[in-house]
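Working notes for the structure below.
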Amino acid sequence: MSIQAPERLSFIGRDIERVDARLKVTGRATYAYEYPAEHVAYAYGIGAAVARGRITGIDSSAAQGVEGVIAVLDHTGAPRLGETNNRELLVFQSDRVSYRGQLIAAVIAESFETARDASQLVSVSYEQDEHDVVLTEDHPASFRPEHVAYRVPEVSVGDVETALAQAEITVDQAYATAAAHHMALEPHASLAIWEEDQLTVFESSQYAYEARDVIAKLFALGPEQVRVINGYVGGGFGSKGSPRPQMVIAAMASRVVGRPVKMALTRQQMFPVSGYRGPTVQRVRLGANRDGELTAFEHRAAAQTSRLHDFAEPCTTGTRTMYAAANRFDTHRLTRLDVPTPSFCRGPGEAPGFFAVESALDELAIASGVDPVELRIRNDTTRDPSTGHEYSTRNLVACLEEGARIYGWSRRRNQEAEGWRTGHGVASSMYPTYQMPSRAAIVAYPDGTFAVRLAAVDIGTGSRTALLQIAAEQLQVPLARVNVEIGDTSLPYAVGAFASLGTASWGHAVHLAGREMRQLLEGTDTIPPEGLRVEVDTAEEIQARPAKANAAFGAQFAQVSVRRHTGEVRVDRLVGVFAAGRIVNPRTTRSQLIGGMTWGISMALLEETALDPNLGEYVTSDLASFHFASCADIPRIEASWIEEDDADINPVGVKGVGEIGIVGTAAAIANAVFDATGVRVRSLPVRLDDLLGD
Amino acid sequence: MRPFEYFRPSSLADAAQLGAVSGAKYIAGGTNLVDLMKLGVEQPDRVVDLRDVLEQEIQELEDGSIRIGAGVRNTDLASHPLIRRQYPAMSRAIVAGASGQIRNVATTGGNLLQRTRCVYFQDVSRPCNKRAPGTGCPALESGGLSRGLAIFRTSEECIATHPSDLAVALVAFDAELALWRDGQERRLPLEQLYTSQESAPGRETILEPGEIITAVHLPAPVDGRRSHYVKVRDRASFAFSLVSVAAAVELDGDTVRGVRIALGGVASRPWRARSAEQAIQGAPATSANFSRAIRDELTTAVPTADNRFKLALAHNLVVSTLEELI
């Protein structure tokens, strides 16, 4: 018998169908609201009808009289809640109204329909105060926040004013982006079940452990008394990163009525209650020499938050790292208004920030006569100019060059046919590479199968499948012998799915656990019936990483057509090339990138939740009036990538692809619209109103 | 949703009787009514389902006119060979009007009775003179959202637009309604279905309680007539019109023998541009003539700051559509 070296099994980088694809398309994947619960009741929230003021009376007697109504909760009788750093979650604790649509009461009934019907019979009176809901560039109440999404709000290097004064070419423009809502397909939903002092919540959450800890504090419980299950989540995009009021209301109502309680926000309620990308007003000043080399870079951003919680859209934290310029300044202003609290939203900060800076770069290209691709290449850097740290890998130039090649950038033409004029635009993309500590356990069973356990979550990205691939690769066993169990705080701690750090953080832990298990099995003859278990924590390895700058980069190229007599804009083609470390699964990666780019088209041309300043409310609060791209708006999107080998970031080499697809898209499209029409639209969305002459 | 009584009568007479009481609503496809009931905008005590009593056929009558049963589904109407061949603007209007799923259940009669999608009307917590008379119109306030709303004013209290695309095409073709009441059928030009709503924007049609649209009559096709429907909206699909135009032209050499122009997205009802038609009729078919005629028509418009762009859009759209038809 000849002895052959066993062939190494390889799963990372393979195009593998999602392990839960069939469950999802056949409706068998169970989402929070769908879990069965005996004797369940339903809660329906009531929103405030004023933007600022005080509740002077709530008369729920008519609602209480409706057959099937169990209780009505409001601030006059609701149980007191404990501590939280997010006052959005202190539901029914005060008579103050901080924004229109804020949930101020809830009807609990035998059915959703009964609760909703009865909610219309609850009559609320208010003492209304004058509200202030309009963000301006220099609002008198604005201030510089202490941090923006955990980063410094301001960086100053050199002397921008002098450099601008001496620059051969300058650009000085204001840009604005619109408020827009995430609108995940699955609305925010919770099912709360108390058993004595144990609380279980089935929750549409991007981060089960965070939800557990927040809810435990609010109800004065120990973390071990709360279990959060988020087995399947129908999209989050940042809006489910931390708990939303419906989770607190479901838990509160369940405790009050002594039955399991389900609560889902309606699509309309999601607008005030579920977070959103706030509007921004930005200013970019660039100074350059005749060759387009930047000497001065300035980016200022103004954003809004609510009176309940500070969230500052971090518009300049990404742009400050993009291009070399000896003199630089960026800063943020935040204004507290009588509006709902904004939140992380896909590409938070980068998406609106890159619209401003990548539009300004295009204006510089026009002013200097340097090709916009070449202009970006000339201003590339090997170090993060805001910190001086060297990049572990940075392939912006490779993405620009490869994208230009695929697109045929050098052969581009402006054409006019049947009233439609074409134009072409380019923009850079970037998203930082983050990683946070996570744990993972693997159990080996005597039958040769393995269970991989951690409280990761698959919000639709394909993380279940990616983790399976990473585990099987380390264990060197076929995929079918590995079960990935995620979405439950009874599993080892894992960070949430946000900031494109899920696969990197969880993959790291699964990789380590797999390696440890393989080593353990090498010295083991028989596996006991209960199995062999290892559990790892990545905290130490993350701590020991070199102090380098880590980020994924990309370049996007857009062709648009603009109809001369109507101003309608259609995106004909969108090409994106990205460098995001090692790609674990090309199929789900492509979906992530295409998804981001599709959203970028919406951001460029459609998305605006319109504010009525008199009512103090975002009034386009349904999907008939808040527009994003329909299938008919989306052309063939070509997303591809340049493989990178970056051992500095994590042992799997993953950078993350969730957000980068939306970064830069809007600028590429607005730049293409300028190329087609000569009209520079600096306020998103670009609409036919902007392009229609008299 | 408020509890309500549900009836499914099997004769028009029963349907008329059941629907004649106050608080009753007829339902056909239900694609609009059910949404509004969930939102609390419509709160009928009684819902009378017309599915078993409405005509379901499209018939070519002896005089060449076409009778379309009010119960004919939008999908069936849009794809009917007679309609596609002789009234292509209608087919296009229906397809532009809704998704396939909606068209499969929405009916011809129901389509004409849709209610506005104005964001103030759709939410019971907001003021709205149409839904709750006397509460005000936020769209008319400075800063209010009026971008999608009317530029031709039919009321000082409301600038909501009529949402139907099909109605715009039908008005261009001089369609008539067959209305059934008290055992009698009467005919009414579709244009006259919609009230002028000067004092009561909540009352959108002249239909009396218990009155039922049983059919739509299309006048016989005209030889040599070409028609088109063009809809401009913020995205390529799934949106109500900013401005739409249904137009039909018959030429006599280089002269316009007949022309019909109806605009959608500009008023509380389909807007037949009669003064423009008069100016174009009998005149040489030139872009300059089309432009002058529609510009004159638009002088009576009263746009808001938010929807002033509709003037240029309507002008350009009418001119380009007529250019395509000559």
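Each chain in the structure tokens gets a letter, A, B, ..., in the order shown, and its residues are numbered from 1; ligands are numbered from 1 in order too.
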
Taking only residues of segment 215-294 of chain B that have an atom at most 6 Å from an atom of segment 135-151 of chain B, what is each one's shortest atom pair and its distance in Å to one decimal, using only C-alpha atoms, in chain and number order, as CSV?
residue,atom,partner,partner_atom,distance
B:Leu242,CA,B:Gly148,CA,5.7
B:Val266,CA,B:Ala150,CA,4.3
B:Ala267,CA,B:Ala150,CA,4.5

Which chain A residues are at most 6 Å from chain B (counting only C-alpha atoms), as an mmCIF file with C-alpha atoms, in the first residue's frame?
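Below is the file result.cif, written as the result:
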data_model
loop_
_atom_site.group_PDB
_atom_site.id
_atom_site.type_symbol
_atom_site.label_atom_id
_atom_site.label_comp_id
_atom_site.auth_asym_id
_atom_site.auth_seq_id
_atom_site.Cartn_x
_atom_site.Cartn_y
_atom_site.Cartn_z
ATOM 1 C CA GLU A 113 -55.201 44.171 14.719
ATOM 2 C CA ASP A 117 -57.518 49.559 16.244
ATOM 3 C CA HIS A 565 -35.966 67.477 -21.850
ATOM 4 C CA THR A 566 -37.017 65.803 -18.579
ATOM 5 C CA ASP A 612 -41.806 69.065 7.242
ATOM 6 C CA ALA A 632 -35.715 48.900 -13.059
ATOM 7 C CA ASP A 633 -33.260 51.534 -11.809
ATOM 8 C CA ASP A 689 -35.517 69.296 -10.746
ATOM 9 C CA ASP A 694 -36.784 76.411 -17.867
#

Exercise: Phe112 of chain A partners within 10 Å, only C-alpha atoms, chain neighbours under 6 positions left out, as a VMD selection string: (chain A and resid 41 to 44 118 262 to 264) or (chain B and resid 1)

Picked from segment 224-266 of chain B by DSSP as strand (DSSP E), as a PyMOL selection string: chain B and resi 226-232+243-252+255-264

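Minimum atom-to-atom distance to Ile68 of chain B, evaluated using only C-alpha atoms, belongs to B:Ala178 out of B:Ala24, B:Ala178, B:Ala247, B:Ala172.
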
Contacts of Ala398 of chain A within 10 Å, only C-alpha atoms, excl. fewer than 5 positions in-chain, as a list in words: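 Listed by chain and then number, they are Ile377, Gly403, Ala404, Phe553, Gly554, Ala555, Val577, Phe578, Ala579, Trp641 and Ile642 of chain A.
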
Give me a file of those residues, with all heavy atoms, as a compact mmCIF listing (two decimals), in the first residue's frame.
# COMPACT_ATOMS: atom_id res chain seq x y z
N ILE A 377 -4.54 59.11 -8.19
CA ILE A 377 -3.29 58.34 -8.09
C ILE A 377 -2.15 59.26 -7.62
O ILE A 377 -1.35 58.89 -6.77
CB ILE A 377 -2.96 57.68 -9.45
CG1 ILE A 377 -4.01 56.60 -9.76
CG2 ILE A 377 -1.55 57.11 -9.45
CD1 ILE A 377 -3.91 56.00 -11.15
N GLY A 403 -10.00 49.29 -12.23
CA GLY A 403 -11.34 49.77 -12.54
C GLY A 403 -11.35 50.53 -13.87
O GLY A 403 -12.25 50.34 -14.70
N ALA A 404 -10.34 51.36 -14.08
CA ALA A 404 -10.25 52.12 -15.33
C ALA A 404 -10.10 51.16 -16.52
O ALA A 404 -10.68 51.39 -17.59
CB ALA A 404 -9.07 53.09 -15.27
N PHE A 553 -9.85 49.48 0.35
CA PHE A 553 -9.99 50.59 -0.61
C PHE A 553 -10.73 50.11 -1.85
O PHE A 553 -10.90 48.90 -2.06
CB PHE A 553 -8.61 51.12 -1.00
CG PHE A 553 -7.95 51.87 0.12
CD1 PHE A 553 -7.17 51.20 1.06
CD2 PHE A 553 -8.15 53.23 0.28
CE1 PHE A 553 -6.59 51.88 2.13
CE2 PHE A 553 -7.57 53.92 1.34
CZ PHE A 553 -6.79 53.25 2.26
N GLY A 554 -11.16 51.06 -2.65
CA GLY A 554 -11.85 50.69 -3.87
C GLY A 554 -11.98 51.88 -4.80
O GLY A 554 -11.62 53.02 -4.45
N ALA A 555 -12.46 51.59 -5.99
CA ALA A 555 -12.72 52.66 -6.96
C ALA A 555 -13.98 52.31 -7.72
O ALA A 555 -14.22 51.14 -8.03
CB ALA A 555 -11.55 52.78 -7.93
N VAL A 577 -14.18 48.19 -8.21
CA VAL A 577 -13.07 47.27 -7.93
C VAL A 577 -12.59 47.57 -6.51
O VAL A 577 -12.38 48.74 -6.16
CB VAL A 577 -11.92 47.45 -8.94
CG1 VAL A 577 -10.74 46.54 -8.55
CG2 VAL A 577 -12.40 47.14 -10.35
N PHE A 578 -12.46 46.53 -5.72
CA PHE A 578 -12.16 46.72 -4.31
C PHE A 578 -10.97 45.87 -3.89
O PHE A 578 -10.71 44.82 -4.49
CB PHE A 578 -13.39 46.37 -3.47
CG PHE A 578 -14.61 47.16 -3.86
CD1 PHE A 578 -15.48 46.69 -4.83
CD2 PHE A 578 -14.85 48.42 -3.31
CE1 PHE A 578 -16.59 47.43 -5.23
CE2 PHE A 578 -15.95 49.16 -3.70
CZ PHE A 578 -16.82 48.67 -4.66
N ALA A 579 -10.27 46.34 -2.87
CA ALA A 579 -9.18 45.57 -2.27
C ALA A 579 -9.51 45.46 -0.80
O ALA A 579 -9.37 46.43 -0.05
CB ALA A 579 -7.85 46.27 -2.49
N TRP A 641 -12.65 42.33 -7.35
CA TRP A 641 -11.70 42.68 -6.29
C TRP A 641 -10.29 42.24 -6.63
O TRP A 641 -10.06 41.40 -7.50
CB TRP A 641 -12.13 42.09 -4.95
CG TRP A 641 -12.50 40.65 -5.01
CD1 TRP A 641 -11.67 39.58 -4.94
CD2 TRP A 641 -13.83 40.12 -5.17
NE1 TRP A 641 -12.38 38.42 -5.04
CE2 TRP A 641 -13.70 38.72 -5.18
CE3 TRP A 641 -15.09 40.70 -5.29
CZ2 TRP A 641 -14.82 37.88 -5.32
CZ3 TRP A 641 -16.19 39.87 -5.43
CH2 TRP A 641 -16.05 38.49 -5.44
N ILE A 642 -9.39 42.86 -5.91
CA ILE A 642 -7.98 42.51 -5.98
C ILE A 642 -7.65 41.79 -4.68
O ILE A 642 -7.86 42.34 -3.60
CB ILE A 642 -7.13 43.80 -6.13
CG1 ILE A 642 -7.39 44.42 -7.50
CG2 ILE A 642 -5.66 43.51 -5.90
CD1 ILE A 642 -6.98 45.87 -7.58

Using only C-alpha atoms, I'd like a table of the residues in segment 319-340 of chain A that come within 9 Å of segment 134-157 of chain A; for each, show the closest atom pair and its distance in Å rounded to one decimal, ordered by chain and ascending number, as a tab-separated table.
residue	atom	partner	partner_atom	distance
A:Arg320	CA	A:Val155	CA	8.0
A:Ala326	CA	A:Val157	CA	7.2
A:Asn327	CA	A:Val157	CA	5.4
A:Arg328	CA	A:Val157	CA	5.0
A:Phe329	CA	A:Ser156	CA	4.4
A:Asp330	CA	A:Glu154	CA	5.3
A:Thr331	CA	A:Glu154	CA	4.3
A:His332	CA	A:Pro153	CA	5.7
A:Arg333	CA	A:Arg144	CA	4.7
A:Leu334	CA	A:Ser142	CA	5.2
A:Thr335	CA	A:Ser142	CA	4.3
A:Arg336	CA	A:Ser142	CA	7.3
A:Leu337	CA	A:Val134	CA	7.5
A:Asp338	CA	A:Val134	CA	8.8
A:Val339	CA	A:Val134	CA	9.0

Segment 464-651 of chain A: residues DSSP assigns to helix (DSSP H, G or I), reported as a PyMOL selection string: chain A and resi 464-475+479-481+502-522+539-543+586-605+631-633

Non-local contacts of Tyr209 of chain A (7 Å; only C-alpha atoms; under 2 positions in same chain excluded) as a VMD selection string: chain A and resid 207 211 to 213 489 493

All residues 12 Å or closer to Leu164 of chain A, only C-alpha atoms, same chain fewer than 4 positions away omitted, as a count of residues only: 24

Of the listed residues B:Glu176, B:Glu250, B:Glu297, B:Glu5, that which approaches Ile66 of chain B most closely, counting only C-alpha atoms: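 When distances to Ile66 of chain B are compared using only C-alpha atoms, the smallest one comes from B:Glu176.
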
Residue with smallest distance to Val256 of chain B - pool B:Asn32, B:Thr107, B:Asn289, B:Thr299, counting only C-alpha atoms: B:Asn289

Nearest-residue call for Leu684 of chain A, choices A:Gly258, A:Pro492, A:Pro352, A:Pro635, using only C-alpha atoms: A:Pro352

Which of A:Gly101, A:Pro685, A:Pro528, A:Pro243 sits closest to Met270 of chain A [using only C-alpha atoms]: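 With only C-alpha atoms as the atom set, the closest residue is A:Gly101.
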
Distance query Pro219 of chain B at most 12 Å, only C-alpha atoms, self and fewer than 4 positions along chain excluded, as a PyMOL selection string: chain B and resi 60-68+83+86-87+170-177+189

Since we have the selection now, will you write its residues out, keeping N, CA, C and O atoms, as a PDB file, in the first residue's frame?
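Wrote selection.pdb, looks like this:
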ATOM      1  N   GLU B  60     -66.379  44.593 -27.886  1.00  0.00           N
ATOM      2  CA  GLU B  60     -66.420  45.574 -28.962  1.00  0.00           C
ATOM      3  C   GLU B  60     -67.872  45.685 -29.393  1.00  0.00           C
ATOM      4  O   GLU B  60     -68.478  44.697 -29.830  1.00  0.00           O
ATOM      5  N   LEU B  61     -68.459  46.865 -29.301  1.00  0.00           N
ATOM      6  CA  LEU B  61     -69.868  47.034 -29.643  1.00  0.00           C
ATOM      7  C   LEU B  61     -70.015  47.301 -31.137  1.00  0.00           C
ATOM      8  O   LEU B  61     -69.036  47.559 -31.844  1.00  0.00           O
ATOM      9  N   GLU B  62     -71.267  47.267 -31.589  1.00  0.00           N
ATOM     10  CA  GLU B  62     -71.499  47.370 -33.033  1.00  0.00           C
ATOM     11  C   GLU B  62     -71.010  48.668 -33.628  1.00  0.00           C
ATOM     12  O   GLU B  62     -70.553  48.718 -34.763  1.00  0.00           O
ATOM     13  N   ASP B  63     -71.096  49.743 -32.864  1.00  0.00           N
ATOM     14  CA  ASP B  63     -70.649  51.048 -33.395  1.00  0.00           C
ATOM     15  C   ASP B  63     -69.125  51.204 -33.323  1.00  0.00           C
ATOM     16  O   ASP B  63     -68.598  52.276 -33.589  1.00  0.00           O
ATOM     17  N   GLY B  64     -68.437  50.131 -32.937  1.00  0.00           N
ATOM     18  CA  GLY B  64     -66.974  50.208 -32.883  1.00  0.00           C
ATOM     19  C   GLY B  64     -66.454  50.661 -31.539  1.00  0.00           C
ATOM     20  O   GLY B  64     -65.244  50.624 -31.279  1.00  0.00           O
ATOM     21  N   SER B  65     -67.349  51.125 -30.669  1.00  0.00           N
ATOM     22  CA  SER B  65     -66.891  51.523 -29.341  1.00  0.00           C
ATOM     23  C   SER B  65     -66.622  50.285 -28.504  1.00  0.00           C
ATOM     24  O   SER B  65     -67.007  49.180 -28.866  1.00  0.00           O
ATOM     25  N   ILE B  66     -65.958  50.496 -27.384  1.00  0.00           N
ATOM     26  CA  ILE B  66     -65.560  49.365 -26.547  1.00  0.00           C
ATOM     27  C   ILE B  66     -66.125  49.555 -25.151  1.00  0.00           C
ATOM     28  O   ILE B  66     -66.029  50.639 -24.571  1.00  0.00           O
ATOM     29  N   ARG B  67     -66.725  48.487 -24.651  1.00  0.00           N
ATOM     30  CA  ARG B  67     -67.248  48.512 -23.292  1.00  0.00           C
ATOM     31  C   ARG B  67     -66.345  47.646 -22.418  1.00  0.00           C
ATOM     32  O   ARG B  67     -66.163  46.452 -22.679  1.00  0.00           O
ATOM     33  N   ILE B  68     -65.779  48.276 -21.398  1.00  0.00           N
ATOM     34  CA  ILE B  68     -64.857  47.579 -20.492  1.00  0.00           C
ATOM     35  C   ILE B  68     -65.570  47.421 -19.162  1.00  0.00           C
ATOM     36  O   ILE B  68     -65.927  48.415 -18.515  1.00  0.00           O
ATOM     37  N   ILE B  83     -57.160  46.852 -27.088  1.00  0.00           N
ATOM     38  CA  ILE B  83     -56.625  48.022 -26.396  1.00  0.00           C
ATOM     39  C   ILE B  83     -55.196  48.301 -26.868  1.00  0.00           C
ATOM     40  O   ILE B  83     -54.834  49.438 -27.174  1.00  0.00           O
ATOM     41  N   GLN B  86     -55.504  49.649 -30.639  1.00  0.00           N
ATOM     42  CA  GLN B  86     -56.220  50.901 -30.931  1.00  0.00           C
ATOM     43  C   GLN B  86     -55.999  52.000 -29.898  1.00  0.00           C
ATOM     44  O   GLN B  86     -56.181  53.173 -30.194  1.00  0.00           O
ATOM     45  N   TYR B  87     -55.655  51.623 -28.694  1.00  0.00           N
ATOM     46  CA  TYR B  87     -55.508  52.630 -27.625  1.00  0.00           C
ATOM     47  C   TYR B  87     -54.206  52.374 -26.847  1.00  0.00           C
ATOM     48  O   TYR B  87     -54.226  52.151 -25.640  1.00  0.00           O
ATOM     49  N   LEU B 170     -57.696  57.562 -20.152  1.00  0.00           N
ATOM     50  CA  LEU B 170     -59.125  57.473 -20.480  1.00  0.00           C
ATOM     51  C   LEU B 170     -59.722  58.855 -20.757  1.00  0.00           C
ATOM     52  O   LEU B 170     -60.549  59.017 -21.651  1.00  0.00           O
ATOM     53  N   VAL B 171     -59.305  59.840 -19.981  1.00  0.00           N
ATOM     54  CA  VAL B 171     -59.812  61.201 -20.195  1.00  0.00           C
ATOM     55  C   VAL B 171     -59.365  61.715 -21.565  1.00  0.00           C
ATOM     56  O   VAL B 171     -60.121  62.373 -22.282  1.00  0.00           O
ATOM     57  N   ALA B 172     -58.135  61.360 -21.942  1.00  0.00           N
ATOM     58  CA  ALA B 172     -57.668  61.794 -23.264  1.00  0.00           C
ATOM     59  C   ALA B 172     -58.523  61.179 -24.371  1.00  0.00           C
ATOM     60  O   ALA B 172     -58.755  61.804 -25.395  1.00  0.00           O
ATOM     61  N   PHE B 173     -59.007  59.961 -24.155  1.00  0.00           N
ATOM     62  CA  PHE B 173     -59.809  59.285 -25.176  1.00  0.00           C
ATOM     63  C   PHE B 173     -61.304  59.577 -25.051  1.00  0.00           C
ATOM     64  O   PHE B 173     -62.129  58.912 -25.678  1.00  0.00           O
ATOM     65  N   ASP B 174     -61.671  60.543 -24.208  1.00  0.00           N
ATOM     66  CA  ASP B 174     -63.100  60.890 -24.015  1.00  0.00           C
ATOM     67  C   ASP B 174     -63.925  59.712 -23.526  1.00  0.00           C
ATOM     68  O   ASP B 174     -65.070  59.492 -23.959  1.00  0.00           O
ATOM     69  N   ALA B 175     -63.370  58.925 -22.645  1.00  0.00           N
ATOM     70  CA  ALA B 175     -64.106  57.763 -22.135  1.00  0.00           C
ATOM     71  C   ALA B 175     -65.326  58.214 -21.345  1.00  0.00           C
ATOM     72  O   ALA B 175     -65.342  59.281 -20.729  1.00  0.00           O
ATOM     73  N   GLU B 176     -66.342  57.369 -21.371  1.00  0.00           N
ATOM     74  CA  GLU B 176     -67.540  57.590 -20.556  1.00  0.00           C
ATOM     75  C   GLU B 176     -67.716  56.459 -19.568  1.00  0.00           C
ATOM     76  O   GLU B 176     -67.295  55.335 -19.835  1.00  0.00           O
ATOM     77  N   LEU B 177     -68.368  56.772 -18.479  1.00  0.00           N
ATOM     78  CA  LEU B 177     -68.654  55.748 -17.487  1.00  0.00           C
ATOM     79  C   LEU B 177     -70.108  55.290 -17.627  1.00  0.00           C
ATOM     80  O   LEU B 177     -70.984  56.093 -17.957  1.00  0.00           O
ATOM     81  N   PRO B 189     -69.480  61.372 -18.883  1.00  0.00           N
ATOM     82  CA  PRO B 189     -68.074  61.495 -19.299  1.00  0.00           C
ATOM     83  C   PRO B 189     -67.176  61.359 -18.066  1.00  0.00           C
ATOM     84  O   PRO B 189     -67.461  61.949 -17.021  1.00  0.00           O
TER      85      PRO B 189
END

Length of the atom CA of Ile261 of chain B to atom CA of Pro303 of chain B vector [Å]: 19.9 Å

Nearest to Gly71 of chain B by atom-to-atom distance, counting only C-alpha atoms, from B:Gly109, B:Met37, B:Ser99, B:Leu251: B:Gly109
